[in-house]
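Colleague: Got a file for you: coords.txt, compact mmCIF, C-alpha atoms.
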# COMPACT_ATOMS: atom_id res chain seq x y z
CA ILE A 1 80.13 121.27 95.14
CA ARG A 2 82.35 120.31 92.18
CA LYS A 3 84.40 123.52 92.17
CA LYS A 4 86.92 125.19 94.43
CA ASP A 5 88.28 128.69 95.02
CA VAL A 6 92.02 128.94 94.42
CA GLU A 7 94.46 131.74 95.25
CA PHE A 8 97.76 131.96 93.40
CA ILE A 9 100.32 134.10 95.27
CA VAL A 10 103.42 135.17 93.33
CA ARG A 11 106.41 136.57 95.20
CA LYS A 12 109.99 137.56 94.42
CA ASP A 13 112.47 137.96 97.25
CA GLY A 14 109.52 137.82 99.63
CA ARG A 15 107.68 140.71 97.93
CA PRO A 16 104.43 140.39 95.88
CA VAL A 17 104.68 140.44 92.09
CA SER A 18 101.85 142.22 90.29
CA ASN A 19 100.82 141.67 86.66
CA ALA A 20 102.18 138.10 86.64
CA GLN A 21 100.29 136.09 84.00
CA ILE A 22 98.66 132.92 85.41
CA ASN A 23 97.26 130.26 83.04
CA VAL A 24 95.27 127.49 84.77
CA LYS A 25 94.79 124.50 82.47
CA MET A 26 92.75 121.50 83.56
CA LYS A 27 94.23 118.11 82.66
CA LYS A 28 91.86 115.62 84.33
CA HIS A 29 88.71 115.53 86.45
CA GLN A 30 88.83 114.29 90.03
CA PHE A 31 85.29 112.97 89.49
CA LEU A 32 85.43 109.58 87.79
CA PHE A 33 83.75 109.50 84.39
CA GLY A 34 84.12 106.06 82.83
CA SER A 35 82.91 103.05 80.89
CA ASN A 36 83.91 99.42 80.66
CA CYS A 37 86.53 98.81 77.97
CA PHE A 38 86.22 95.04 77.59
CA PRO A 39 86.73 94.85 73.77
CA ALA A 40 89.42 97.56 73.54
CA ASN A 41 92.08 95.24 72.09
CA SER A 42 89.76 93.25 69.83
CA TYR A 43 89.28 95.74 66.98
CA GLU A 44 91.11 95.95 63.68
CA GLU A 45 93.54 98.84 63.35
CA ALA A 46 91.26 101.66 62.11
CA ALA A 47 88.36 100.89 64.44
CA GLY A 48 90.81 100.27 67.29
CA SER A 49 92.36 103.71 66.79
CA ARG A 50 88.93 105.33 66.85
CA TYR A 51 87.96 103.40 69.98
CA LYS A 52 91.13 104.53 71.75
CA LYS A 53 90.74 108.17 70.72
CA TYR A 54 87.04 108.48 71.48
CA PHE A 55 87.36 106.66 74.81
CA SER A 56 90.25 108.77 76.09
CA ASP A 57 88.73 112.01 74.77
CA LEU A 58 85.75 111.43 77.07
CA PHE A 59 86.74 109.28 80.05
CA ASN A 60 89.34 109.14 82.83
CA TYR A 61 88.18 105.83 84.32
CA THR A 62 87.35 102.31 83.17
CA THR A 63 86.21 98.88 84.34
CA LEU A 64 88.12 95.67 83.56
CA PRO A 65 86.57 92.15 83.42
CA PHE A 66 87.72 89.75 86.14
CA PHE A 67 84.69 87.40 86.16
CA TRP A 68 85.95 84.32 88.00
CA GLN A 69 84.34 81.74 85.69
CA ARG A 70 85.91 83.35 82.60
CA TYR A 71 89.19 84.40 84.15
CA GLU A 72 89.93 80.92 85.50
CA ARG A 73 88.06 78.48 83.26
CA GLU A 74 90.22 75.64 84.54
CA ARG A 75 91.51 75.44 88.07
CA GLY A 76 94.85 77.27 88.27
CA LYS A 77 94.85 78.39 84.62
CA THR A 78 94.12 82.12 84.46
CA ASP A 79 93.49 84.66 81.72
CA HIS A 80 96.32 86.79 83.09
CA GLU A 81 97.93 87.59 79.74
CA ARG A 82 94.78 89.08 78.17
CA LEU A 83 94.02 91.19 81.24
CA GLU A 84 97.63 92.34 81.42
CA LYS A 85 97.40 93.63 77.84
CA LEU A 86 94.11 95.34 78.57
CA LEU A 87 95.55 96.97 81.68
CA GLN A 88 98.54 98.20 79.68
CA TRP A 89 96.07 99.76 77.21
CA CYS A 90 94.49 101.62 80.15
CA GLU A 91 97.83 102.69 81.59
CA ALA A 92 98.92 104.13 78.24
CA LEU A 93 95.84 106.39 78.39
CA ASP A 94 96.37 107.26 82.07
CA LEU A 95 92.96 105.86 83.02
CA LYS A 96 92.03 104.98 86.57
CA THR A 97 90.74 101.40 86.70
CA LYS A 98 88.37 99.08 88.51
CA GLY A 99 88.44 95.28 88.58
CA HIS A 100 84.96 93.74 88.25
CA PRO A 101 84.22 91.65 90.31
CA ILE A 102 86.17 89.51 92.78
CA VAL A 103 83.10 87.39 93.63
CA TRP A 104 79.81 86.99 91.78
CA GLN A 105 77.72 83.89 92.23
CA LYS A 106 76.30 84.10 88.68
CA LEU A 107 79.70 83.43 87.08
CA ALA A 108 81.13 80.92 89.55
CA PRO A 109 83.64 78.44 88.14
CA GLU A 110 82.05 75.08 87.42
CA TRP A 111 85.04 73.27 88.88
CA LEU A 112 84.34 74.52 92.42
CA GLU A 113 83.11 71.60 94.51
CA ASN A 114 81.85 72.72 97.92
CA SER A 115 82.02 75.51 100.50
CA GLU A 116 85.45 74.50 101.75
CA ASP A 117 86.73 74.51 98.17
CA VAL A 118 85.19 77.97 97.62
CA GLU A 119 87.06 79.46 100.58
CA THR A 120 90.38 77.81 99.69
CA SER A 121 90.09 78.76 96.02
CA LEU A 122 88.87 82.27 96.78
CA LYS A 123 91.94 82.92 98.89
CA LYS A 124 94.18 81.75 96.05
CA ARG A 125 92.24 83.90 93.58
CA ILE A 126 92.61 87.02 95.73
CA GLU A 127 96.32 86.33 96.29
CA HIS A 128 96.78 86.03 92.52
CA LEU A 129 94.79 89.18 91.70
CA MET A 130 96.46 91.34 94.34
CA GLU A 131 99.97 90.10 93.59
CA ASN A 132 99.57 90.66 89.84
CA PHE A 133 97.27 93.69 89.70
CA GLY A 134 96.74 94.99 93.22
CA ASP A 135 99.01 98.04 93.05
CA ARG A 136 97.89 98.93 89.49
CA ILE A 137 94.10 98.77 89.77
CA ASP A 138 92.50 101.60 91.71
CA TYR A 139 89.19 99.97 92.74
CA TRP A 140 87.68 96.49 93.03
CA ASP A 141 84.08 95.33 93.19
CA VAL A 142 84.66 92.96 96.10
CA PHE A 143 81.20 91.40 95.69
CA ASN A 144 78.53 91.70 93.01
CA GLU A 145 74.76 91.29 93.48
CA ILE A 146 74.83 89.03 96.52
CA THR A 147 71.21 90.00 97.33
CA VAL A 148 70.01 87.67 94.54
CA ASP A 149 72.22 84.70 95.44
CA HIS A 150 69.10 82.52 95.78
CA LEU A 151 68.55 82.65 92.00
CA TYR A 152 71.63 80.50 91.37
CA HIS A 153 72.58 76.94 92.25
CA ASN A 154 76.32 76.42 92.38
CA ALA A 155 79.12 76.11 94.92
CA VAL A 156 79.42 79.88 95.48
CA SER A 157 75.68 80.45 95.98
CA ARG A 158 75.55 77.51 98.42
CA TRP A 159 78.55 78.94 100.29
CA ILE A 160 76.78 82.30 100.56
CA HIS A 161 73.63 80.59 101.87
CA GLU A 162 75.62 78.74 104.52
CA LYS A 163 77.70 81.75 105.56
CA GLY A 164 75.10 84.49 105.25
CA ARG A 165 75.31 87.42 102.85
CA ALA A 166 76.90 90.00 105.14
CA ASN A 167 79.36 87.45 106.52
CA ALA A 168 80.36 86.43 102.97
CA VAL A 169 81.10 90.07 102.05
CA ARG A 170 82.96 90.62 105.32
CA TYR A 171 84.98 87.42 104.83
CA THR A 172 85.98 88.35 101.28
CA THR A 173 86.84 91.93 102.25
CA LYS A 174 89.01 90.64 105.09
CA LEU A 175 90.90 88.32 102.72
CA VAL A 176 91.64 91.23 100.38
CA ARG A 177 92.77 93.49 103.24
CA GLU A 178 95.16 90.85 104.59
CA ILE A 179 96.97 90.80 101.25
CA ASN A 180 96.49 94.39 100.12
CA PRO A 181 95.56 96.73 103.00
CA HIS A 182 95.33 99.68 100.62
CA ALA A 183 92.76 98.20 98.22
CA ASN A 184 89.73 100.38 97.47
CA LEU A 185 86.69 98.10 97.67
CA LEU A 186 83.06 98.50 96.57
CA TYR A 187 79.94 96.47 97.09
CA ASN A 188 77.95 96.53 93.82
CA ASP A 189 74.25 95.78 93.19
CA PHE A 190 71.26 96.40 90.89
CA ASN A 191 68.68 95.19 93.41
CA ILE A 192 67.91 98.63 94.86
CA TRP A 193 64.14 98.98 94.51
CA ASN A 194 63.31 96.80 97.52
CA GLN A 195 64.97 96.83 100.93
CA GLU A 196 67.31 93.86 100.57
CA CYS A 197 70.35 95.89 99.56
CA GLU A 198 69.73 98.40 102.34
CA VAL A 199 69.40 95.62 104.91
CA LEU A 200 72.76 94.27 103.72
CA LEU A 201 74.41 97.69 103.94
CA GLU A 202 73.01 98.16 107.47
CA GLU A 203 74.62 94.86 108.49
CA LEU A 204 77.94 95.70 106.84
CA ARG A 205 78.01 99.07 108.57
CA TYR A 206 77.18 97.46 111.92
CA MET A 207 79.96 94.88 111.38
CA GLY A 208 82.46 97.62 110.59
CA VAL A 209 83.21 96.28 107.10
CA GLU A 210 85.57 98.73 105.42
CA LEU A 211 84.29 99.79 102.00
CA GLN A 212 85.34 102.81 99.97
CA ALA A 213 82.05 103.12 98.07
CA VAL A 214 78.70 101.53 97.27
CA GLY A 215 78.10 100.67 93.63
CA ILE A 216 74.63 101.26 92.16
CA GLN A 217 73.67 99.74 88.82
CA SER A 218 71.23 101.64 86.63
CA HIS A 219 70.56 99.53 83.53
CA MET A 220 67.56 101.08 81.77
CA HIS A 221 66.70 98.46 79.14
CA THR A 222 62.98 98.51 79.90
CA PHE A 223 62.22 101.89 81.46
CA LEU A 224 63.89 105.21 82.19
CA TRP A 225 64.22 106.38 85.75
CA THR A 226 62.60 109.68 86.50
CA MET A 227 64.94 112.31 87.87
CA GLU A 228 62.96 112.20 91.11
CA GLU A 229 63.54 108.44 91.39
CA ALA A 230 67.25 108.86 90.71
CA TRP A 231 67.63 111.59 93.33
CA GLU A 232 65.67 109.49 95.84
CA VAL A 233 68.01 106.53 95.23
CA CYS A 234 71.01 108.78 95.89
CA GLU A 235 69.45 110.06 99.10
CA ARG A 236 68.53 106.58 100.36
CA PHE A 237 71.95 105.09 99.80
CA ALA A 238 73.99 108.14 100.82
CA LYS A 239 72.68 107.84 104.38
CA TYR A 240 74.96 104.85 105.05
CA GLY A 241 77.95 107.15 104.83
CA TRP A 242 79.78 105.61 101.88
CA PRO A 243 80.35 107.51 98.62
CA LEU A 244 78.21 106.36 95.70
CA HIS A 245 79.47 105.06 92.37
CA PHE A 246 76.96 104.59 89.56
CA THR A 247 78.81 101.57 88.26
CA GLU A 248 76.75 100.32 85.30
CA LEU A 249 74.63 102.97 83.58
CA THR A 250 72.70 101.97 80.46
CA VAL A 251 70.47 104.24 78.37
CA LEU A 252 69.30 102.82 75.05
CA SER A 253 68.94 104.37 71.60
CA GLY A 254 66.25 101.89 70.61
CA ARG A 255 63.54 99.59 71.92
CA TYR A 256 63.14 95.83 72.16
CA ILE A 257 60.96 94.20 69.46
CA GLY A 258 62.03 90.56 69.95
CA ARG A 259 59.50 87.85 69.17
CA ASN A 260 58.96 86.60 72.71
CA GLY A 261 58.80 90.06 74.25
CA MET A 262 61.43 89.11 76.85
CA MET A 263 64.98 90.31 76.33
CA ASN A 264 67.78 88.19 77.79
CA ASP A 265 71.52 87.64 77.49
CA ASP A 266 70.94 85.71 74.23
CA SER A 267 69.10 88.56 72.49
CA LYS A 268 70.30 89.41 68.97
CA PRO A 269 70.84 92.78 67.24
CA GLU A 270 67.73 92.23 65.10
CA ASP A 271 65.63 92.04 68.27
CA TRP A 272 66.00 95.81 68.64
CA TYR A 273 64.43 98.68 66.73
CA ARG A 274 66.89 101.53 66.20
CA GLY A 275 66.07 104.96 64.88
CA LYS A 276 67.35 108.52 64.84
CA GLU A 277 64.54 109.58 67.16
CA TYR A 278 65.83 107.13 69.78
CA GLU A 279 69.39 108.37 69.36
CA GLU A 280 68.20 111.90 70.14
CA LEU A 281 66.20 110.65 73.13
CA GLN A 282 69.27 108.80 74.43
CA ALA A 283 71.39 111.95 74.09
CA LYS A 284 68.96 114.26 75.87
CA TYR A 285 68.14 111.87 78.70
CA THR A 286 71.81 110.99 79.23
CA ALA A 287 72.80 114.65 79.55
CA ASP A 288 70.00 115.23 82.07
CA PHE A 289 70.81 112.11 84.08
CA TYR A 290 74.54 112.88 84.28
CA THR A 291 73.78 116.47 85.32
CA MET A 292 71.53 115.24 88.12
CA LEU A 293 74.10 112.70 89.38
CA PHE A 294 76.97 115.20 89.11
CA SER A 295 74.95 117.56 91.31
CA HIS A 296 74.53 115.08 94.18
CA PRO A 297 77.30 115.43 96.79
CA ALA A 298 77.49 111.68 97.53
CA VAL A 299 78.21 110.62 93.95
CA GLU A 300 81.88 110.23 93.00
CA ALA A 301 81.80 108.16 89.81
CA ILE A 302 79.61 107.28 86.81
CA THR A 303 80.42 104.33 84.55
CA TRP A 304 78.61 103.81 81.21
CA TRP A 305 77.70 100.24 80.12
CA ASP A 306 78.64 99.49 77.26
CA PHE A 307 80.77 101.97 75.31
CA GLN A 308 79.78 100.36 71.96
CA ASP A 309 76.48 99.04 70.62
CA ASN A 310 75.52 95.35 70.42
CA ASP A 311 77.42 94.08 73.43
CA TRP A 312 75.39 92.94 76.47
CA ARG A 313 71.99 91.71 75.27
CA ALA A 314 73.00 92.98 71.80
CA ALA A 315 71.33 96.22 72.81
CA PRO A 316 71.78 99.67 71.19
CA ALA A 317 73.34 100.85 74.46
CA GLY A 318 76.57 102.38 73.22
CA LEU A 319 77.85 105.90 73.00
CA VAL A 320 79.43 104.72 69.76
CA THR A 321 78.14 102.28 67.15
CA GLU A 322 79.43 98.74 66.77
CA GLU A 323 81.73 100.10 64.04
CA VAL A 324 82.95 102.77 66.52
CA HIS A 325 81.32 105.88 65.14
CA ARG A 326 80.13 108.49 67.64
CA LYS A 327 76.42 108.83 68.41
CA PRO A 328 74.60 111.99 69.58
CA ALA A 329 74.84 110.81 73.20
CA TYR A 330 78.63 110.77 72.93
CA HIS A 331 78.70 114.38 71.78
CA ALA A 332 76.20 115.42 74.47
CA LEU A 333 78.36 113.86 77.19
CA ARG A 334 81.58 115.27 75.84
CA LYS A 335 80.10 118.77 75.83
CA LEU A 336 79.31 118.38 79.53
CA ILE A 337 82.48 116.65 80.70
CA ARG A 338 85.09 118.43 78.59
CA GLU A 339 83.44 121.83 78.03
CA ASN A 340 80.70 122.80 80.49
CA TRP A 341 82.40 121.11 83.46
CA TRP A 342 85.97 121.95 82.41
CA SER A 343 88.20 124.75 83.71
CA ASP A 344 90.71 126.73 81.67
CA GLU A 345 91.30 130.07 83.42
CA PHE A 346 93.80 132.86 82.94
CA GLY A 347 94.46 136.29 84.42
CA LYS A 348 97.01 138.51 86.13
CA THR A 349 98.01 139.01 89.76
CA ASN A 350 96.82 142.13 91.54
CA GLY A 351 98.89 144.58 93.53
CA GLU A 352 99.20 142.04 96.34
CA GLY A 353 100.57 139.44 93.94
CA ILE A 354 97.34 137.43 94.06
CA TYR A 355 95.22 135.90 91.28
CA ARG A 356 91.94 134.21 92.27
CA CYS A 357 89.78 131.80 90.30
CA ASN A 358 87.13 129.13 90.83
CA VAL A 359 87.76 125.79 89.09
CA TYR A 360 86.48 122.23 88.89
CA HIS A 361 88.25 119.65 91.05
CA GLY A 362 91.01 117.85 89.19
CA ASP A 363 94.62 117.82 88.06
CA TYR A 364 96.03 121.05 86.61
CA GLN A 365 98.99 122.45 84.76
CA ILE A 366 99.75 125.96 86.02
CA GLU A 367 101.80 128.27 83.82
CA MET A 368 103.15 131.50 85.33
CA ILE A 369 104.91 134.24 83.36
CA ALA A 370 106.51 137.25 85.10
CA ASP A 371 109.64 139.39 84.61
CA GLY A 372 110.52 137.41 81.52
CA LYS A 373 110.51 134.17 83.49
CA LYS A 374 108.20 131.21 83.00
CA ALA A 375 107.34 128.51 85.53
CA VAL A 376 105.18 125.43 84.91
CA LEU A 377 103.69 123.47 87.79
CA GLU A 378 101.58 120.30 87.95
CA ILE A 379 99.13 120.70 90.84
CA PRO A 380 96.05 118.79 92.08
CA ILE A 381 93.09 120.93 93.09
CA LEU A 382 90.87 118.46 94.91
CA ARG A 383 87.61 118.30 96.79
CA GLU A 384 87.98 117.56 100.48
CA ALA A 385 85.66 115.09 102.18
CA GLY A 386 82.81 116.71 104.06
CA GLY A 387 82.32 119.92 102.12
CA PRO A 388 83.80 122.63 99.91
CA GLY A 389 86.43 123.66 102.46
CA LYS A 390 88.65 126.72 102.44
CA PRO A 391 90.25 128.23 99.33
CA GLN A 392 93.41 126.47 98.24
CA LYS A 393 96.47 128.72 98.34
CA ILE A 394 99.34 128.09 95.93
CA GLU A 395 102.53 130.10 96.35
CA ILE A 396 104.95 130.65 93.48
CA ASN A 397 108.35 132.18 94.23
CA LEU A 398 110.44 133.65 91.42
Take the structure in this file and express it as structure tokens.
Modeller:
Amino acid sequence: IRKKDVEFIVRKDGRPVSNAQINVKMKKHQFLFGSNCFPANSYEEAAGSRYKKYFSDLFNYTTLPFFWQRYERERGKTDHERLEKLLQWCEALDLKTKGHPIVWQKLAPEWLENSEDVETSLKKRIEHLMENFGDRIDYWDVFNEITVDHLYHNAVSRWIHEKGRANAVRYTTKLVREINPHANLLYNDFNIWNQECEVLLEELRYMGVELQAVGIQSHMHTFLWTMEEAWEVCERFAKYGWPLHFTELTVLSGRYIGRNGMMNDDSKPEDWYRGKEYEELQAKYTADFYTMLFSHPAVEAITWWDFQDNDWRAAPAGLVTEEVHRKPAYHALRKLIRENWWSDEFGKTNGEGIYRCNVYHGDYQIEMIADGKKAVLEIPILREAGGPGKPQKIEINL
């Protein structure tokens, strides 16, 4: 399901050219392999260079932080400059991007007063985000974790309670569409083991809310999913008809040994045991989990969380260490993404001027050499919605 048959047809003056050399070089996956890149611009020169190289050697996609409470700590005063620099870092590496999130009740600004203020301020926030970043960011988490709104007590959570969860998502989606009709929007959640998220998705589908994907979080700080559980999650959520993005995937190279036995956002690096045996476990499980997700037809993206150790919950969750040195899991993933699932093909046209190959979906550079002439083409070879489709035919005329 991740590959496609391609026919290259070389002609000269309308007649087929045999023995033309065709080199098919993959440049980028269509499938989105990513991680958040929140600290990308915070390292000193040497570590920053390693971060940039290792990130771009592995990923084609990244998530940027637009948490409302942190982006707009005071009403009307935004963190635009820092996010602009981070986006420029992504653009220099030709990474597709996602803004995370537009609304999340956990990080609601403290200066919001009531439901009317939420709606007025939310409209201004969306106008600002779309006007400044809308045509440069490929995806947005329009809403994050609304199924646990009852755990919080602030203006946004009260607004959700008054409006209703599905209506709040629909309202926010409508605001975005009015300003940027072409925005690609996701609903994102971790609360997938009960039926609350599915009930919400049923309502959104019934309401006709336009989403481009459903985001599934898979933070494994306390237990590892079995492959059967992961496949079952894909099957359950694929039935709503939206593509699936695994938006926040965490696999640890350690275990929690904190004094109170309960990890939280204030956990410290010393609360975790780290050992080589856990690094090897992280590498093996990660390769298996990615292989399983890559094999499911509904999945279109996987985002690791976090790229480096000691970020959220100070956990050993990275593919690189805090000092930005690669761990076994990094190498295991790179072997899959840039070797096993990578296409570099070459051959010669037959007597009918045709060369056939089967390649992974993505962007390609095609080099053709015949009769002393050389042509170089940049061509996308993409997966169509709904199935593998017919072979793609590419004609080259000398």
Colleague: Which value, in Å to one decimal, gives the distance between atom CA of Val359 of chain A and atom CA of Asp5 of chain A?
Modeller: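 Spanning atom CA of Val359 of chain A to atom CA of Asp5 of chain A is a straight-line distance of 6.6 Å.
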Colleague: Determine, using all atoms listed in the file, which residues of segment 180-251 of chain A have any atom at most 10 Å from an atom of segment 85-99 of chain A, and tabulate each with its shortest atom pair and distance in Å to one decimal place, rows ordered by chain and then rising number, as a Markdown table.
Modeller:
| residue | atom | partner | partner_atom | distance |
| --- | --- | --- | --- | --- |
| A:Asn184 | CA | A:Lys98 | CA | 9.2 |
| A:Leu185 | CA | A:Lys98 | CA | 9.4 |
| A:Leu186 | CA | A:Lys98 | CA | 9.7 |
| A:Thr247 | CA | A:Lys98 | CA | 9.9 |
Colleague: Which is closest to Lys163 of chain A among A:Val118, A:Ile216, A:Ile179, A:Met292, if we use all atoms listed in the file?
Modeller: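 Checking each candidate against Lys163 of chain A, we get A:Val118 as the closest.
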Colleague: Please give the centre and size of the box around segment 224-234 of chain A (axis-aligned, containing every atom listed in the file, 3 Å added per side), with values in Å to one decimal and written as AutoDock Vina command-line options.
Modeller:
--center_x 66.8 --center_y 108.8 --center_z 89.0 --size_x 14.4 --size_y 13.1 --size_z 19.7
Colleague: Identify which of the residues A:Leu122, A:Val376, A:Val320, A:Ile396 lies closest to Gly14 of chain A, counting all atoms listed in the file when measuring atom-to-atom distances.
Modeller: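 Using all atoms listed in the file, Gly14 of chain A sits closest to A:Ile396.
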Colleague: Give me, please, the distance in Å between atom CA of Phe38 of chain A and atom CA of Leu64 of chain A, quoted to one decimal.
Modeller: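 Interatomic distance, atom CA of Phe38 of chain A to atom CA of Leu64 of chain A: 6.3 Å.
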Colleague: Please provide as a PyMOL selection string all residues within 12 Å of Ser49 of chain A, with the sequence filter that same-chain residues fewer than 6 positions apart are discarded (counting all atoms listed in the file).
Modeller: chain A and resi 40-43+55-56+89+323-325
Colleague: Please, what distance in Å, to one decimal, runs between atom CA of Asp189 of chain A and atom CA of Val214 of chain A?
Modeller: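 Between atom CA of Asp189 of chain A and atom CA of Val214 of chain A the gap works out to 8.3 Å.
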Colleague: My list of candidates is A:Ala370, A:Val156, A:Ala20, A:Met220. Which is closest to Glu113 of chain A when distances are computed with all atoms listed in the file?
Modeller: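 Among the listed residues, the smallest separation from Glu113 of chain A belongs to A:Val156.
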Colleague: Rank A:Tyr206, A:Phe33, A:Tyr355, A:Trp111 by their smallest atom-to-atom distance to Arg11 of chain A, using all atoms listed in the file, and report the top residue only.
Modeller: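 Comparing A:Tyr206, A:Phe33, A:Tyr355, A:Trp111 against Arg11 of chain A, the winner is A:Tyr355.
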Colleague: Compile the contact shell of Arg125 of chain A as a list in words: residues with an atom at most 12 Å away, counting all atoms listed in the file, same-chain residues fewer than 5 positions apart removed.
Modeller: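 Once the nearby chain positions are removed, what remains is Phe66, Phe67, Trp68, Gln69, Tyr71, Glu72, Arg75, Gly76, Lys77, Thr78, Asp79, His80, Pro101, Ile102, Val103, Pro109, Asp117, Val118, Glu119, Thr120, Met130, Glu131, Asn132, Phe133, Gly134, Thr172, Leu175, Val176 and Ile179 of chain A.
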Colleague: With distances taken over all atoms listed in the file, which residue among A:Asn23, A:Gln212, A:Asn310, A:Asn167 lies nearest Phe8 of chain A?
Modeller: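 Comparing A:Asn23, A:Gln212, A:Asn310, A:Asn167 against Phe8 of chain A, the winner is A:Asn23.
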Colleague: Show me, as a short mmCIF file (atom, residue, chain, number, x, y, z; two decimals) with C-alpha atoms, in the coordinates of the input, the residues that have an atom within 12 Å of Asn191 of chain A when counting all atoms listed in the file, minus same-chain residues fewer than 4 positions from it.
Modeller:
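Final output, result18.cif:
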data_model
loop_
_atom_site.label_atom_id
_atom_site.label_comp_id
_atom_site.auth_asym_id
_atom_site.auth_seq_id
_atom_site.Cartn_x
_atom_site.Cartn_y
_atom_site.Cartn_z
CA ASN A 144 78.53 91.70 93.01
CA GLU A 145 74.76 91.29 93.48
CA ILE A 146 74.83 89.03 96.52
CA THR A 147 71.21 90.00 97.33
CA VAL A 148 70.01 87.67 94.54
CA ASP A 149 72.22 84.70 95.44
CA TYR A 187 79.94 96.47 97.09
CA GLN A 195 64.97 96.83 100.93
CA GLU A 196 67.31 93.86 100.57
CA CYS A 197 70.35 95.89 99.56
CA GLU A 198 69.73 98.40 102.34
CA VAL A 199 69.40 95.62 104.91
CA LEU A 200 72.76 94.27 103.72
CA GLY A 215 78.10 100.67 93.63
CA ILE A 216 74.63 101.26 92.16
CA GLN A 217 73.67 99.74 88.82
CA SER A 218 71.23 101.64 86.63
CA HIS A 219 70.56 99.53 83.53
CA VAL A 233 68.01 106.53 95.23
#
Colleague: Let me make sure I understand: among A:Ile366, A:Leu204, A:Ile137, A:Leu377, which one has the smallest atom-to-atom distance to Gly164 of chain A if we use all atoms listed in the file?
Modeller: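 Counting all atoms listed in the file, the residue closest to Gly164 of chain A is A:Leu204.
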Colleague: Do a neighbour search on Lys284 of chain A at 8 Å with all atoms listed in the file, toss out local chain neighbours closer than 4 positions, and write the hits as a list of chain:residue names.
Modeller: A:Glu280, A:Asp288, A:Ala329, A:Ala332
Colleague: Give me the residues within 12 Å of segment 227-230 of chain A as a PyMOL selection string, counting all atoms listed in the file and dropping any in the same chain fewer than 3 places off.
Modeller: chain A and resi 192-193+216-218+220+223-224+233-237+246+249+285-296+299
Colleague: Can you complete the atoms of segment 214-225 of chain A to N, CA, C and O atoms and list them as a PDB file, in the coordinates of the input?
Modeller:
ATOM      1  N   VAL A 214      79.782 102.439  97.631  1.00  0.00           N
ATOM      2  CA  VAL A 214      78.700 101.530  97.270  1.00  0.00           C
ATOM      3  C   VAL A 214      78.412 101.731  95.793  1.00  0.00           C
ATOM      4  O   VAL A 214      78.250 102.865  95.333  1.00  0.00           O
ATOM      5  N   GLY A 215      78.361 100.621  95.056  1.00  0.00           N
ATOM      6  CA  GLY A 215      78.100 100.670  93.630  1.00  0.00           C
ATOM      7  C   GLY A 215      76.620 100.449  93.332  1.00  0.00           C
ATOM      8  O   GLY A 215      76.030  99.475  93.800  1.00  0.00           O
ATOM      9  N   ILE A 216      76.037 101.348  92.542  1.00  0.00           N
ATOM     10  CA  ILE A 216      74.630 101.260  92.160  1.00  0.00           C
ATOM     11  C   ILE A 216      74.539 101.065  90.647  1.00  0.00           C
ATOM     12  O   ILE A 216      75.050 101.879  89.874  1.00  0.00           O
ATOM     13  N   GLN A 217      73.887  99.985  90.241  1.00  0.00           N
ATOM     14  CA  GLN A 217      73.670  99.740  88.820  1.00  0.00           C
ATOM     15  C   GLN A 217      72.388 100.429  88.372  1.00  0.00           C
ATOM     16  O   GLN A 217      71.408 100.477  89.110  1.00  0.00           O
ATOM     17  N   SER A 218      72.406 100.941  87.158  1.00  0.00           N
ATOM     18  CA  SER A 218      71.230 101.640  86.630  1.00  0.00           C
ATOM     19  C   SER A 218      71.051 101.286  85.150  1.00  0.00           C
ATOM     20  O   SER A 218      71.116 102.159  84.276  1.00  0.00           O
ATOM     21  N   HIS A 219      70.840  99.993  84.892  1.00  0.00           N
ATOM     22  CA  HIS A 219      70.560  99.530  83.530  1.00  0.00           C
ATOM     23  C   HIS A 219      69.109  99.867  83.181  1.00  0.00           C
ATOM     24  O   HIS A 219      68.192  99.405  83.844  1.00  0.00           O
ATOM     25  N   MET A 220      68.917 100.648  82.131  1.00  0.00           N
ATOM     26  CA  MET A 220      67.560 101.080  81.770  1.00  0.00           C
ATOM     27  C   MET A 220      67.159 100.488  80.423  1.00  0.00           C
ATOM     28  O   MET A 220      66.907 101.204  79.450  1.00  0.00           O
ATOM     29  N   HIS A 221      67.096  99.146  80.366  1.00  0.00           N
ATOM     30  CA  HIS A 221      66.700  98.460  79.140  1.00  0.00           C
ATOM     31  C   HIS A 221      65.192  98.474  78.928  1.00  0.00           C
ATOM     32  O   HIS A 221      64.728  98.338  77.791  1.00  0.00           O
ATOM     33  N   THR A 222      64.432  98.599  80.009  1.00  0.00           N
ATOM     34  CA  THR A 222      62.980  98.510  79.900  1.00  0.00           C
ATOM     35  C   THR A 222      62.258  99.789  80.273  1.00  0.00           C
ATOM     36  O   THR A 222      61.133 100.017  79.832  1.00  0.00           O
ATOM     37  N   PHE A 223      62.850 100.624  81.096  1.00  0.00           N
ATOM     38  CA  PHE A 223      62.220 101.890  81.460  1.00  0.00           C
ATOM     39  C   PHE A 223      63.294 102.873  81.892  1.00  0.00           C
ATOM     40  O   PHE A 223      64.375 102.486  82.332  1.00  0.00           O
ATOM     41  N   LEU A 224      62.989 104.153  81.754  1.00  0.00           N
ATOM     42  CA  LEU A 224      63.890 105.210  82.190  1.00  0.00           C
ATOM     43  C   LEU A 224      63.504 105.664  83.592  1.00  0.00           C
ATOM     44  O   LEU A 224      62.323 105.875  83.879  1.00  0.00           O
ATOM     45  N   TRP A 225      64.491 105.806  84.441  1.00  0.00           N
ATOM     46  CA  TRP A 225      64.220 106.380  85.750  1.00  0.00           C
ATOM     47  C   TRP A 225      63.767 107.821  85.582  1.00  0.00           C
ATOM     48  O   TRP A 225      64.281 108.547  84.727  1.00  0.00           O
TER      49      TRP A 225
END
